[in-house]
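I have placed the structure first, in the form of structure tokens, so that the comments after it can refer back to it.
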Amino acid sequence: MRAIDELQHALQSIVLDMGLQWPVKAVIEAPKDPKHGDLAANVAMLLAKEAKVPPRELAARIAAALPEKYPFVQRAEVAGPGFLNVTFTPDFWHGIVLDITAQGAAFGHSNAGQGRRTLIEYVSANPTGPLHIGHGRGAAVGDTLARLMRAAGFDVSTEYYINDAGRQMRLLGTSVWLRAKELRGEQIEIPEGDFYKGEYIIDLARELLEIDPDLLMLSEEEGQDKCYEYAMRRIMDGIREDLRTFRVEHQVWFSEKSLVQRGAVRDAFETLKAAGHTYEKDNALWFDTSTLGDDKDRVLRKSDGYLTYFASDIAYHHDKFARGFDYLVDIWGADHHGYVPRMRAAIAAMGRDPQKSFDVVLIQLVNLLQNGTPVSMSTRAGTFETLADVVKEVGVDAARFMFLSRKSDSPLDFDLELVKQRSMDNPVYYVQYAHARVCAVLRRAEERGIALPDTLTLAHLAALDTPEDMALLRKAAAFGDMIAAAATALAVHHVSRFLMDFAGMLHSYYARHQVLAADDPARTVARLAMLRAMGQVIRNGLDILGVSAPETM
């Protein structure tokens with residue numbers, strides 16, 4: 001926040017002039033009650049002992065120096081045991097409009113991440129069926145987190161891990177193979193358990209038979225392999241298209257098979273062995289994760305020679321570090337929460353600090369409702385609601401905003417009827433309408449021949465003098481701090497919450513104040529300039545969420 005930065009710089013200078021060192025634990029933040037000023041600081045209480053004066057006396061000295069040395073400080077007062085309450089001049093807050101106007105789409109961006117090389121992996125659904133609404137929430141969170149962290153100065157790459165090896169893929173091939181036999185009139189027995197039963201499996205079998213009428217002439221093994229390869233390719237094509245439609249980007253599509261082919265699994269095992277973390281037992285290879293924070297040791301290679309999922313995941317994360325990334329962020333379903341400690345153990349065994357170089361964002365379940373009735377979801381039974389269907393029903397904007405409206409590790413009720421409503425009860429409509437109202441006011445001003453000056457100055461903004469003007473400007477000034485804090489905390493829902501609050505303030509402003517006041521041209525120009533800047537803030541926030549900012553609604 002520009003205000004915090006400016007005040008900290010001023011306080012540091014005054015403290016240094018007093019021969020004191022800036023305390024590490026100094027805090028500058030907005031007071032709970034706005035009547036106590038714009039910002040409060042505890043620096044005097046922390047330095048009183050070193051200065052050998054009572055905290056309130058030291059605070060009084062600093063308070064006296066602030067307005068004298070720094071004209072942007074209107075008032076500095078001592079409160080309680082030695083807090084400094086600081087109020088800025090109106091011109092300081094008016095300057096926020098100039099900042100937003102000058103920076104445009106870059107307003108709110110920072111270098112908080114200091115260019116740290118970060119890899120975010122998300123969705124990574126097994127290519128055994130279409131993406132469902134639960135995948136959609138993870139996709140929205142992952143893609144938005146990438147946008148958010150880039151805005152905060154991280155060097156972010158994005159990746160989808162294709163699980164194209166292992167038992168699930170063999171089941172996919174078997175499922176399509178059996179359906180192909182059934183379509184050709186053979187009597188088949190559908191397994192009760194491990195079998196994909198959705199209509200999409202029958203569609204895939206029918207397509208493959210049209211392409212290759214002699215499919216069933218192949219042996220069981222060859223036929224199932226061909227079914228697997230075709231089905232996986234078609235399903236992956238569908239997944240890519242669904243994500244593209246949903247405005248979700250993946251720069252890299254990483255194949256699990258490539259890990260073995262490139263020797264990445266072997267390299268990872270050698271790293272663990274060299275660190276003294278593997279041992280042989282019962283003809284299997286074990287990883288002593290219990291010594292690194294996990295609840296028990298884990299098998300890497302089973303006695304039959306097959307690798308465990310954990311082994312592939314270790315190799316994958318080892319490969320990520322080998323590619324030069326120093327911060328890994330994984331987006332996982334909440335049912336994988338027990339997997340986090342063992343992966344942190346693996347990261348530690350690689351010689352990395354698992355608390356600093358690895359994080360997991362958990363995605364809780366989405367409860368899809370239609371007319372108050374839950375829609376069941378089961379990939380194998382084929383009764384799930386696909387992401388494509390939901391997007392077609394409510395639109396990309398509504399779906400993304402709803403997925404991002406709550407903390408990702410909290411369950412989410414997704415009411416299809418609510419998000420289709422054009423009403424203030426619909427969160428995405430509420431925010432987008434605030435932007436559209438700004439655009440409507442600017443259009444009306446243009447129709448009436450009211451133009452903003454080519455170069456705005458503080459003098460043009462002097463008429464912004466109501467409490468509501470100041471509240472909007474203070475909220476807009478906090479946008480950059482919110483972006484930096486949300487990126488650091490991996491908390492994308494902070495953006496949607498900020499926008500909801502900000503939109504509420506704008507809607508309230510429209511209700512209380514006339515903007516195009518014919519009898520006060522100076523105030524009209526000031527408010528138009530402010531609203532144009534406020535619209536930019538909403539647009540920047542919606543862009544991070546991957547949601548459009550319509551000019552008309």
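Chain identifiers are assigned as A, B, and so on, following the order in which chains appear in the structure tokens; residues are numbered from 1 within each chain, and ligands are numbered from 1 in order of appearance.
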Quiz item: Leaving out segment 175-192 of chain A and any residue of its chain fewer than 4 positions from it, which residues lie within 12 Å of it when counting only C-alpha atoms, given as a VMD selection string?
Solution: chain A and resid 128 to 129 168 to 171 196 to 210 212 to 232 380 to 381
Quiz item: If you run DSSP on the backbone, which residues of segment 51-247 of chain A are strand (DSSP E), as a PyMOL selection string?
Solution: chain A and resi 73-79+83-88+117-121+155-162
Keeping C-alpha atoms, export the residues of the selection given above as a PDB file, in the first residue's frame.
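Listed below is the output, selection_24.pdb:
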ATOM      1  CA  VAL A  73       0.741  13.847   6.917  1.00  0.00           C
ATOM      2  CA  GLN A  74      -2.196  15.946   8.006  1.00  0.00           C
ATOM      3  CA  ARG A  75      -2.245  14.879  11.643  1.00  0.00           C
ATOM      4  CA  ALA A  76      -0.335  12.553  13.990  1.00  0.00           C
ATOM      5  CA  GLU A  77      -1.677  11.747  17.452  1.00  0.00           C
ATOM      6  CA  VAL A  78      -0.655   9.595  20.408  1.00  0.00           C
ATOM      7  CA  ALA A  79      -3.116   6.986  21.604  1.00  0.00           C
ATOM      8  CA  PHE A  83       0.447   4.080  19.520  1.00  0.00           C
ATOM      9  CA  LEU A  84       0.861   6.604  16.740  1.00  0.00           C
ATOM     10  CA  ASN A  85      -2.346   7.349  14.845  1.00  0.00           C
ATOM     11  CA  VAL A  86      -1.631   9.058  11.537  1.00  0.00           C
ATOM     12  CA  THR A  87      -4.056  10.812   9.200  1.00  0.00           C
ATOM     13  CA  PHE A  88      -3.036  11.686   5.642  1.00  0.00           C
ATOM     14  CA  ARG A 117      10.863 -19.267 -10.155  1.00  0.00           C
ATOM     15  CA  THR A 118       7.588 -20.983  -9.355  1.00  0.00           C
ATOM     16  CA  LEU A 119       5.854 -23.984 -10.926  1.00  0.00           C
ATOM     17  CA  ILE A 120       2.135 -24.413 -10.303  1.00  0.00           C
ATOM     18  CA  GLU A 121       0.679 -27.804 -11.209  1.00  0.00           C
ATOM     19  CA  ASP A 155       8.119 -15.892 -12.263  1.00  0.00           C
ATOM     20  CA  VAL A 156       5.372 -18.473 -12.743  1.00  0.00           C
ATOM     21  CA  SER A 157       5.097 -21.470 -15.060  1.00  0.00           C
ATOM     22  CA  THR A 158       2.034 -23.705 -15.229  1.00  0.00           C
ATOM     23  CA  GLU A 159       1.804 -27.440 -15.804  1.00  0.00           C
ATOM     24  CA  TYR A 160      -0.628 -30.337 -16.225  1.00  0.00           C
ATOM     25  CA  TYR A 161       0.690 -33.767 -15.175  1.00  0.00           C
ATOM     26  CA  ILE A 162      -0.748 -36.392 -17.506  1.00  0.00           C
TER      27      ILE A 162
END
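Minimum distance to Ile4 of chain A across A:His36, A:Arg474, A:Arg512, A:Arg301 (counting only C-alpha atoms) occurs at A:Arg474.
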At most 12 Å is the cut-off: for each residue in segment 316-385 of chain A with any atom that close to an atom of segment 415-437 of chain A, write down the nearest atom pair and the distance in Å rounded to one decimal, counting only C-alpha atoms, chain first then increasing number, as a Markdown table.
| residue | atom | partner | partner_atom | distance |
| --- | --- | --- | --- | --- |
| A:Val366 | CA | A:Asp415 | CA | 10.1 |
| A:Asn367 | CA | A:Asp415 | CA | 8.3 |
| A:Leu368 | CA | A:Asp415 | CA | 6.3 |
| A:Leu369 | CA | A:Asp415 | CA | 4.9 |
| A:Gln370 | CA | A:Leu416 | CA | 5.6 |
| A:Asn371 | CA | A:Glu417 | CA | 6.8 |
| A:Gly372 | CA | A:Asp415 | CA | 7.7 |
| A:Thr373 | CA | A:Asp415 | CA | 9.5 |
| A:Pro374 | CA | A:Asp415 | CA | 9.4 |
| A:Val375 | CA | A:Asp415 | CA | 10.5 |
| A:Glu385 | CA | A:Leu416 | CA | 11.8 |
Quiz item: Which residue gives the smallest distance to Ala529 of chain A among A:Leu362, A:Cys439, A:Ala348, A:Leu461, with only C-alpha atoms counted?
Solution: A:Leu461
Quiz prompt | Spatial neighbours of Ser303 of chain A, max dist 10 Å, only C-alpha atoms, sep filter under 3 positions, as number ranges by chain | solution = A: 280-285, 299-300, 306-307
File dump, residues just selected, N, CA, C and O atoms, as a PDB file, in the first residue's frame:
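Writing done, so here's part13.pdb:
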ATOM      1  N   GLU A 280      15.988 -51.870   1.456  1.00  0.00           N
ATOM      2  CA  GLU A 280      15.283 -53.021   0.893  1.00  0.00           C
ATOM      3  C   GLU A 280      14.652 -53.839   2.016  1.00  0.00           C
ATOM      4  O   GLU A 280      15.269 -54.072   3.053  1.00  0.00           O
ATOM      5  N   LYS A 281      13.427 -54.290   1.767  1.00  0.00           N
ATOM      6  CA  LYS A 281      12.733 -55.131   2.749  1.00  0.00           C
ATOM      7  C   LYS A 281      11.632 -55.898   2.025  1.00  0.00           C
ATOM      8  O   LYS A 281      10.857 -55.305   1.266  1.00  0.00           O
ATOM      9  N   ASP A 282      11.567 -57.207   2.241  1.00  0.00           N
ATOM     10  CA  ASP A 282      10.551 -58.062   1.616  1.00  0.00           C
ATOM     11  C   ASP A 282      10.541 -57.918   0.089  1.00  0.00           C
ATOM     12  O   ASP A 282       9.473 -57.835  -0.535  1.00  0.00           O
ATOM     13  N   ASN A 283      11.737 -57.850  -0.479  1.00  0.00           N
ATOM     14  CA  ASN A 283      11.905 -57.736  -1.931  1.00  0.00           C
ATOM     15  C   ASN A 283      11.311 -56.443  -2.508  1.00  0.00           C
ATOM     16  O   ASN A 283      11.014 -56.351  -3.697  1.00  0.00           O
ATOM     17  N   ALA A 284      11.099 -55.454  -1.650  1.00  0.00           N
ATOM     18  CA  ALA A 284      10.568 -54.162  -2.085  1.00  0.00           C
ATOM     19  C   ALA A 284      11.548 -53.060  -1.685  1.00  0.00           C
ATOM     20  O   ALA A 284      12.358 -53.222  -0.763  1.00  0.00           O
ATOM     21  N   LEU A 285      11.450 -51.922  -2.386  1.00  0.00           N
ATOM     22  CA  LEU A 285      12.274 -50.761  -2.060  1.00  0.00           C
ATOM     23  C   LEU A 285      11.439 -49.792  -1.232  1.00  0.00           C
ATOM     24  O   LEU A 285      10.340 -49.398  -1.640  1.00  0.00           O
ATOM     25  N   VAL A 299       6.442 -47.551   0.531  1.00  0.00           N
ATOM     26  CA  VAL A 299       7.028 -48.389  -0.513  1.00  0.00           C
ATOM     27  C   VAL A 299       7.183 -47.568  -1.788  1.00  0.00           C
ATOM     28  O   VAL A 299       6.277 -46.827  -2.186  1.00  0.00           O
ATOM     29  N   LEU A 300       8.338 -47.705  -2.427  1.00  0.00           N
ATOM     30  CA  LEU A 300       8.584 -47.047  -3.713  1.00  0.00           C
ATOM     31  C   LEU A 300       8.436 -48.042  -4.866  1.00  0.00           C
ATOM     32  O   LEU A 300       7.776 -47.754  -5.858  1.00  0.00           O
ATOM     33  N   TYR A 306       6.639 -53.400  -9.808  1.00  0.00           N
ATOM     34  CA  TYR A 306       5.892 -52.211 -10.219  1.00  0.00           C
ATOM     35  C   TYR A 306       6.166 -51.039  -9.264  1.00  0.00           C
ATOM     36  O   TYR A 306       6.300 -51.229  -8.048  1.00  0.00           O
ATOM     37  N   LEU A 307       6.205 -49.833  -9.840  1.00  0.00           N
ATOM     38  CA  LEU A 307       6.397 -48.636  -9.025  1.00  0.00           C
ATOM     39  C   LEU A 307       5.073 -48.218  -8.401  1.00  0.00           C
ATOM     40  O   LEU A 307       3.998 -48.403  -8.984  1.00  0.00           O
TER      41      LEU A 307
END
Practice problem: Using DSSP on the backbone coordinates, identify the residues of segment 192-277 of chain A assigned to helix (DSSP H, G or I); present them as a ChimeraX atom specification. | Solution: /A:199-211,215-217,220-245,256-261,264-274
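For the choices A:Ile235, A:Leu531, A:Val260, A:Leu292, the atom-to-atom distance to Pro127 of chain A is smallest for A:Ile235 when using only C-alpha atoms.
Among the candidates A:Thr101, A:Ala491, A:Gly276, A:Val24, the residue lying nearest to Pro453 of chain A is A:Thr101 (atoms considered: only C-alpha atoms).
Proximity to Ser255 of chain A was assessed for A:Phe310, A:Tyr316, A:Tyr339, A:Trp22 counting only C-alpha atoms; the smallest distance is recorded for A:Tyr316.
The nearest approach to Phe321 of chain A among the residues A:Thr144, A:Ser290, A:Thr174, A:Ser357, with only C-alpha atoms taken into account, belongs to A:Ser357.
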Quiz prompt | Shell around Ser312 of chain A at 8 Å using only C-alpha atoms, local window under 6 positions removed, as a PyMOL selection string | solution = chain A and resi 256+259+265
Restricted to C-alpha atoms, what would the selected residues look like written as a CSV table (one decimal), in the first residue's frame?
chain,number,residue,atom,x,y,z
A,256,GLU,CA,4.1,-39.5,-16.5
A,259,LEU,CA,9.6,-40.0,-16.3
A,265,VAL,CA,12.7,-42.2,-11.6
Quiz item: Can you list, as a list in words, every protein, DNA or RNA residue that comes within 12 Å of Asp295 of chain A when you count only C-alpha atoms, leaving out same-chain residues fewer than 6 positions away?
Solution: Asp288, Thr289, Gly338, Tyr339, Val340, Pro341, Arg342, Met343, Arg344 and Ala345 of chain A
Quiz item: Within 9 Å of Pro130 of chain A, counting only C-alpha atoms, which residues qualify if same-chain residues fewer than 3 places away don't, as a ChimeraX atom specification?
Solution: /A:127,200,235-236,238-239,242,379,386-388
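Note that atom CA of Asp313 of chain A and atom CA of Leu148 of chain A are 26.0 Å apart.
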